[in-house]
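Some notes on the structure that comes next.
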2 protein chains.
Amino acid sequence: MKSDLDAIFSALADPTRRAILTMLLEDDMAVTDVAEPFEISLAAISKHLSILTRAGLISQEKRGRVKWCRLEPEAMREASVWMQGFGQFDPVDLDHFERFLERELGG
Amino acid sequence: MKSDLDAIFSALADPTRRAILTMLLEDDMAVTDVAEPFEISLAAISKHLSILTRAGLISQEKRGRVKWCRLEPEAMREASVWMQGFGQFDPVDLDHFERFLERELGG
DNA sequence: CGGATCGTCAACCATGTGGTTGAACATGCG
DNA sequence: CGCATGTTCAACCACATGGTTGACGATCCG
């Protein structure tokens with residue numbers, strides 16, 4: 001009995017994958033463009049993307065020879081609700097969020 | 001540059017550990033009592049608890065020969081805020097939460 | 001067609017994780 | 001003291017993960 005939460009939380013546990021999701025907040029991207037800022041191989045990025053896809057956090061669609069990646073934020077809902085059950089955290093404190101983004105990306 | 005989010009999300013990625021956190025919502029518990037409902041060894045539970053402690057999700061305090069475990073829900077705040085930045089999810093929908101709990105525990 | 005670009009696959013390696021068992025340590029109790 | 005209880009440690013095992021490289025399939029373009 002394996003919960004979706006397993007896949008979602010373990011997908012989110014990797015900083016490269018979180019950074020990819022953050023990039024996809026801006027816009028859909030091709031696999032090659034997703035890989036560009038990272039120093040690891042394209043194959044490694046491809047694996048990360050398939051883990052994110054299995055978790056439902058992104059979707060991928062091939063158009064021509066380019067495969068486009070799109071963020072699927074709804075997939076985070078279940079996990080987000082689970083976490084909120086523990087803390088009654090401030091909903092959507094975007095100031096906080098931006099600071100965390102900076103720490104993640106600029107670190 | 002390893003974020004706290006790494007530790008928190010990967011701690012949450014294991015169903016045994018999520019179940020432990022859920023149990024601790026009720027009340028603080030001794031290690032032996034935490035272990036009781038699971039079919040794995042006490043040593044395995046002890047490892048899970050130290051992972052949760054490293055992530056800051058629980059604290060442990062030894063009183064006598066008994067080590068008490070307490071939920072530290074504030075540790076989830078950073079991760080929760082991070083996730084909410086992606087979705088603007090309903091804050092604290094407790095009905096949802098209880099259904100997810102049932103699915104997790106009763107599964 | 002032929003070459004360049006986009007992306008995945010397969011094999012491999014190092015490391016981490018979740019589990020086990022058995023020994024050890026620490027503390028409370030008769 | 002001596003034994004039972006509570007918890008961790010150490011060694012080990014099987015398997016997953018994140019990375020590599022090289023070959024490959026697919027698509028566009030000249």
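All residue names refer to the structure tokens as shown: chains lettered A, B, ... in order, residues numbered from 1 in each chain, ligands numbered from 1 in order.
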
When you get a sec, could you note down which chain D residues fall within 9 Å of chain A, using only C-alpha atoms (C1' of nucleotides), as an mmCIF file with all heavy atoms, in the first residue's frame?
data_model
loop_
_atom_site.group_PDB
_atom_site.id
_atom_site.type_symbol
_atom_site.label_atom_id
_atom_site.label_comp_id
_atom_site.auth_asym_id
_atom_site.auth_seq_id
_atom_site.Cartn_x
_atom_site.Cartn_y
_atom_site.Cartn_z
ATOM 1 P P DG D 18 17.765 10.423 -6.276
ATOM 2 O OP1 DG D 18 17.323 11.509 -5.393
ATOM 3 O OP2 DG D 18 16.965 10.029 -7.446
ATOM 4 O "O5'" DG D 18 19.230 10.755 -6.787
ATOM 5 C "C5'" DG D 18 20.221 11.135 -5.853
ATOM 6 C "C4'" DG D 18 21.533 11.265 -6.590
ATOM 7 O "O4'" DG D 18 22.003 9.941 -6.911
ATOM 8 C "C3'" DG D 18 21.416 12.014 -7.926
ATOM 9 O "O3'" DG D 18 22.477 12.959 -8.020
ATOM 10 C "C2'" DG D 18 21.516 10.917 -8.966
ATOM 11 C "C1'" DG D 18 22.380 9.881 -8.270
ATOM 12 N N9 DG D 18 22.197 8.512 -8.740
ATOM 13 C C8 DG D 18 21.031 7.911 -9.131
ATOM 14 N N7 DG D 18 21.184 6.669 -9.515
ATOM 15 C C5 DG D 18 22.533 6.436 -9.361
ATOM 16 C C6 DG D 18 23.298 5.278 -9.615
ATOM 17 O O6 DG D 18 22.916 4.181 -10.044
ATOM 18 N N1 DG D 18 24.644 5.463 -9.326
ATOM 19 C C2 DG D 18 25.186 6.629 -8.838
ATOM 20 N N2 DG D 18 26.498 6.629 -8.606
ATOM 21 N N3 DG D 18 24.482 7.724 -8.584
ATOM 22 C C4 DG D 18 23.169 7.559 -8.875
ATOM 23 P P DG D 19 22.517 13.974 -9.232
ATOM 24 O OP1 DG D 19 22.971 15.263 -8.660
ATOM 25 O OP2 DG D 19 21.246 13.889 -9.966
ATOM 26 O "O5'" DG D 19 23.650 13.370 -10.195
ATOM 27 C "C5'" DG D 19 24.992 13.473 -9.829
ATOM 28 C "C4'" DG D 19 25.833 12.370 -10.432
ATOM 29 O "O4'" DG D 19 25.269 11.071 -10.178
ATOM 30 C "C3'" DG D 19 25.978 12.353 -11.965
ATOM 31 O "O3'" DG D 19 26.897 13.345 -12.404
ATOM 32 C "C2'" DG D 19 26.555 10.953 -12.160
ATOM 33 C "C1'" DG D 19 25.922 10.152 -11.035
ATOM 34 N N9 DG D 19 24.946 9.176 -11.533
ATOM 35 C C8 DG D 19 23.581 9.295 -11.588
ATOM 36 N N7 DG D 19 22.984 8.238 -12.074
ATOM 37 C C5 DG D 19 24.017 7.369 -12.368
ATOM 38 C C6 DG D 19 24.008 6.062 -12.904
ATOM 39 O O6 DG D 19 23.025 5.399 -13.264
ATOM 40 N N1 DG D 19 25.292 5.540 -13.044
ATOM 41 C C2 DG D 19 26.451 6.190 -12.693
ATOM 42 N N2 DG D 19 27.599 5.543 -12.895
ATOM 43 N N3 DG D 19 26.486 7.410 -12.167
ATOM 44 C C4 DG D 19 25.238 7.940 -12.037
ATOM 45 P P DT D 20 27.077 13.615 -13.993
ATOM 46 O OP1 DT D 20 27.867 14.841 -14.147
ATOM 47 O OP2 DT D 20 25.736 13.514 -14.611
ATOM 48 O "O5'" DT D 20 27.938 12.359 -14.490
ATOM 49 C "C5'" DT D 20 29.231 12.124 -13.939
ATOM 50 C "C4'" DT D 20 29.794 10.834 -14.510
ATOM 51 O "O4'" DT D 20 28.908 9.747 -14.153
ATOM 52 C "C3'" DT D 20 29.859 10.812 -16.034
ATOM 53 O "O3'" DT D 20 31.141 11.246 -16.460
ATOM 54 C "C2'" DT D 20 29.631 9.352 -16.391
ATOM 55 C "C1'" DT D 20 28.903 8.789 -15.195
ATOM 56 N N1 DT D 20 27.487 8.419 -15.466
ATOM 57 C C2 DT D 20 27.209 7.153 -15.915
ATOM 58 O O2 DT D 20 28.072 6.327 -16.125
ATOM 59 N N3 DT D 20 25.886 6.883 -16.111
ATOM 60 C C4 DT D 20 24.822 7.728 -15.893
ATOM 61 O O4 DT D 20 23.676 7.372 -16.098
ATOM 62 C C5 DT D 20 25.188 9.055 -15.439
ATOM 63 C C7 DT D 20 24.111 10.069 -15.180
ATOM 64 C C6 DT D 20 26.483 9.335 -15.244
ATOM 65 P P DA D 26 12.947 5.091 -33.456
ATOM 66 O OP1 DA D 26 11.659 4.533 -32.973
ATOM 67 O OP2 DA D 26 13.516 4.710 -34.761
ATOM 68 O "O5'" DA D 26 12.837 6.678 -33.442
ATOM 69 C "C5'" DA D 26 12.598 7.343 -32.225
ATOM 70 C "C4'" DA D 26 12.630 8.844 -32.454
ATOM 71 O "O4'" DA D 26 14.003 9.284 -32.487
ATOM 72 C "C3'" DA D 26 12.003 9.294 -33.776
ATOM 73 O "O3'" DA D 26 11.227 10.432 -33.477
ATOM 74 C "C2'" DA D 26 13.204 9.656 -34.635
ATOM 75 C "C1'" DA D 26 14.163 10.165 -33.576
ATOM 76 N N9 DA D 26 15.577 10.143 -33.916
ATOM 77 C C8 DA D 26 16.295 9.120 -34.446
ATOM 78 N N7 DA D 26 17.575 9.397 -34.620
ATOM 79 C C5 DA D 26 17.698 10.704 -34.159
ATOM 80 C C6 DA D 26 18.787 11.585 -34.066
ATOM 81 N N6 DA D 26 20.019 11.265 -34.448
ATOM 82 N N1 DA D 26 18.551 12.822 -33.571
ATOM 83 C C2 DA D 26 17.311 13.139 -33.183
ATOM 84 N N3 DA D 26 16.203 12.395 -33.213
ATOM 85 C C4 DA D 26 16.470 11.178 -33.725
ATOM 86 P P DT D 27 10.014 10.873 -34.451
ATOM 87 O OP1 DT D 27 8.828 11.072 -33.595
ATOM 88 O OP2 DT D 27 9.995 9.974 -35.634
ATOM 89 O "O5'" DT D 27 10.496 12.312 -34.930
ATOM 90 C "C5'" DT D 27 10.802 13.277 -33.934
ATOM 91 C "C4'" DT D 27 11.769 14.280 -34.482
ATOM 92 O "O4'" DT D 27 13.036 13.659 -34.762
ATOM 93 C "C3'" DT D 27 11.335 14.943 -35.797
ATOM 94 O "O3'" DT D 27 11.179 16.316 -35.532
ATOM 95 C "C2'" DT D 27 12.489 14.662 -36.758
ATOM 96 C "C1'" DT D 27 13.632 14.417 -35.785
ATOM 97 N N1 DT D 27 14.789 13.665 -36.269
ATOM 98 C C2 DT D 27 16.021 14.270 -36.259
ATOM 99 O O2 DT D 27 16.196 15.411 -35.859
ATOM 100 N N3 DT D 27 17.058 13.487 -36.716
ATOM 101 C C4 DT D 27 16.979 12.192 -37.181
ATOM 102 O O4 DT D 27 17.982 11.600 -37.573
ATOM 103 C C5 DT D 27 15.663 11.609 -37.179
ATOM 104 C C7 DT D 27 15.469 10.212 -37.655
ATOM 105 C C6 DT D 27 14.639 12.363 -36.723
ATOM 106 P P DC D 28 10.194 17.212 -36.415
ATOM 107 O OP1 DC D 28 9.390 18.063 -35.535
ATOM 108 O OP2 DC D 28 9.560 16.357 -37.428
ATOM 109 O "O5'" DC D 28 11.252 18.148 -37.149
ATOM 110 C "C5'" DC D 28 11.858 19.182 -36.389
ATOM 111 C "C4'" DC D 28 13.203 19.491 -36.986
ATOM 112 O "O4'" DC D 28 13.896 18.260 -37.276
ATOM 113 C "C3'" DC D 28 13.146 20.254 -38.312
ATOM 114 O "O3'" DC D 28 13.688 21.545 -38.065
ATOM 115 C "C2'" DC D 28 13.982 19.400 -39.279
ATOM 116 C "C1'" DC D 28 14.801 18.537 -38.328
ATOM 117 N N1 DC D 28 15.291 17.232 -38.854
ATOM 118 C C2 DC D 28 16.674 17.025 -39.021
ATOM 119 O O2 DC D 28 17.461 17.946 -38.753
ATOM 120 N N3 DC D 28 17.127 15.828 -39.481
ATOM 121 C C4 DC D 28 16.258 14.856 -39.759
ATOM 122 N N4 DC D 28 16.749 13.699 -40.202
ATOM 123 C C5 DC D 28 14.851 15.036 -39.583
ATOM 124 C C6 DC D 28 14.416 16.221 -39.136
#

Give me the residues within 8 Å of Asp6 (chain B) as a list in words, counting only C-alpha atoms (C1' of nucleotides) and dropping any in the same chain fewer than 2 places off.
-> Leu12, Ala13, Asp14 and Pro15 of chain A; Lys2, Ser3, Asp4, Ile8, Phe9 and Ser10 of chain B

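Atom to atom, CA of Leu25 (chain A) and CA of Ala79 (chain A) stand 18.2 Å apart.
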
Any idea which chain C residues end up within 9 Å of chain B if we count only C-alpha atoms (C1' of nucleotides), as a ChimeraX atom specification please?
-> /C:18-20,26-28

Selection from above, N, CA and C atoms (P, O5', C5', C4', C3', O3' and C1' of nucleotides), as a PDB file, in the first residue's frame, can you write it?
ATOM      1  P    DG C  18      15.191   5.245   4.826  1.00  0.00           P
ATOM      2  O5'  DG C  18      14.859   3.716   5.068  1.00  0.00           O
ATOM      3  C5'  DG C  18      14.213   2.979   4.057  1.00  0.00           C
ATOM      4  C4'  DG C  18      14.195   1.540   4.471  1.00  0.00           C
ATOM      5  C3'  DG C  18      13.764   1.334   5.933  1.00  0.00           C
ATOM      6  O3'  DG C  18      12.808   0.289   6.002  1.00  0.00           O
ATOM      7  C1'  DG C  18      15.869   0.325   5.534  1.00  0.00           C
ATOM      8  P    DG C  19      12.101  -0.032   7.353  1.00  0.00           P
ATOM      9  O5'  DG C  19      12.882  -1.317   7.895  1.00  0.00           O
ATOM     10  C5'  DG C  19      12.608  -2.572   7.320  1.00  0.00           C
ATOM     11  C4'  DG C  19      13.767  -3.514   7.450  1.00  0.00           C
ATOM     12  C3'  DG C  19      14.128  -4.000   8.861  1.00  0.00           C
ATOM     13  O3'  DG C  19      13.224  -4.981   9.323  1.00  0.00           O
ATOM     14  C1'  DG C  19      16.060  -3.731   7.481  1.00  0.00           C
ATOM     15  P    DT C  20      13.347  -5.488  10.823  1.00  0.00           P
ATOM     16  O5'  DT C  20      14.623  -6.447  10.807  1.00  0.00           O
ATOM     17  C5'  DT C  20      14.646  -7.581   9.930  1.00  0.00           C
ATOM     18  C4'  DT C  20      15.987  -8.273  10.044  1.00  0.00           C
ATOM     19  C3'  DT C  20      16.350  -8.679  11.468  1.00  0.00           C
ATOM     20  O3'  DT C  20      15.966 -10.034  11.694  1.00  0.00           O
ATOM     21  C1'  DT C  20      18.198  -7.574  10.388  1.00  0.00           C
ATOM     22  P    DA C  26      26.941   3.844  29.742  1.00  0.00           P
ATOM     23  O5'  DA C  26      25.413   3.975  30.173  1.00  0.00           O
ATOM     24  C5'  DA C  26      24.492   4.510  29.243  1.00  0.00           C
ATOM     25  C4'  DA C  26      23.133   4.606  29.904  1.00  0.00           C
ATOM     26  C3'  DA C  26      23.190   4.985  31.383  1.00  0.00           C
ATOM     27  O3'  DA C  26      22.104   5.862  31.607  1.00  0.00           O
ATOM     28  C1'  DA C  26      22.093   2.914  31.126  1.00  0.00           C
ATOM     29  P    DT C  27      22.036   6.731  32.930  1.00  0.00           P
ATOM     30  O5'  DT C  27      20.761   6.090  33.635  1.00  0.00           O
ATOM     31  C5'  DT C  27      19.554   6.041  32.881  1.00  0.00           C
ATOM     32  C4'  DT C  27      18.641   5.022  33.490  1.00  0.00           C
ATOM     33  C3'  DT C  27      18.399   5.223  34.989  1.00  0.00           C
ATOM     34  O3'  DT C  27      17.022   5.446  35.139  1.00  0.00           O
ATOM     35  C1'  DT C  27      18.713   2.952  34.439  1.00  0.00           C
ATOM     36  P    DG C  28      16.372   6.114  36.397  1.00  0.00           P
ATOM     37  O5'  DG C  28      15.526   4.913  37.009  1.00  0.00           O
ATOM     38  C5'  DG C  28      14.389   4.480  36.281  1.00  0.00           C
ATOM     39  C4'  DG C  28      13.993   3.100  36.735  1.00  0.00           C
ATOM     40  C3'  DG C  28      13.572   3.031  38.204  1.00  0.00           C
ATOM     41  O3'  DG C  28      12.291   2.425  38.242  1.00  0.00           O
ATOM     42  C1'  DG C  28      15.169   1.341  37.687  1.00  0.00           C
TER      43       DG C  28
END

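Minimum atom-to-atom distances from D:DA4, D:DC24, D:DC29, D:DA16 to DT15 (chain C) were compared using only C-alpha atoms (C1' of nucleotides), and the lowest value belongs to D:DA16.
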
Residues within 12 Å of Met23 (chain B), only C-alpha atoms (C1' of nucleotides), excluding chain neighbours under 4 positions, as a list in words = Phe86 of chain A; Thr16, Arg17, Arg18, Ala19, Asp27, Asp28, Met29, Ala30, Val31, Asp33, Val34, Ala35, Glu36, Pro37, Phe38, Ile58, Cys69, Arg70, Leu71, Leu101, Glu104 and Leu105 of chain B

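Distance annotation: of A:Ala7, A:Ile20, A:Met83, A:Met76, the residue with the minimal separation from Ile51 (chain A) is A:Ala7; atom set is only C-alpha atoms.
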
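Put simply, C1' of DT5 (chain D) is 17.7 Å away from CA of Glu61 (chain B).
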
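Our summary of the geometry notes that CA of Arg77 (chain A) is positioned 7.3 Å from CA of Gly87 (chain B).
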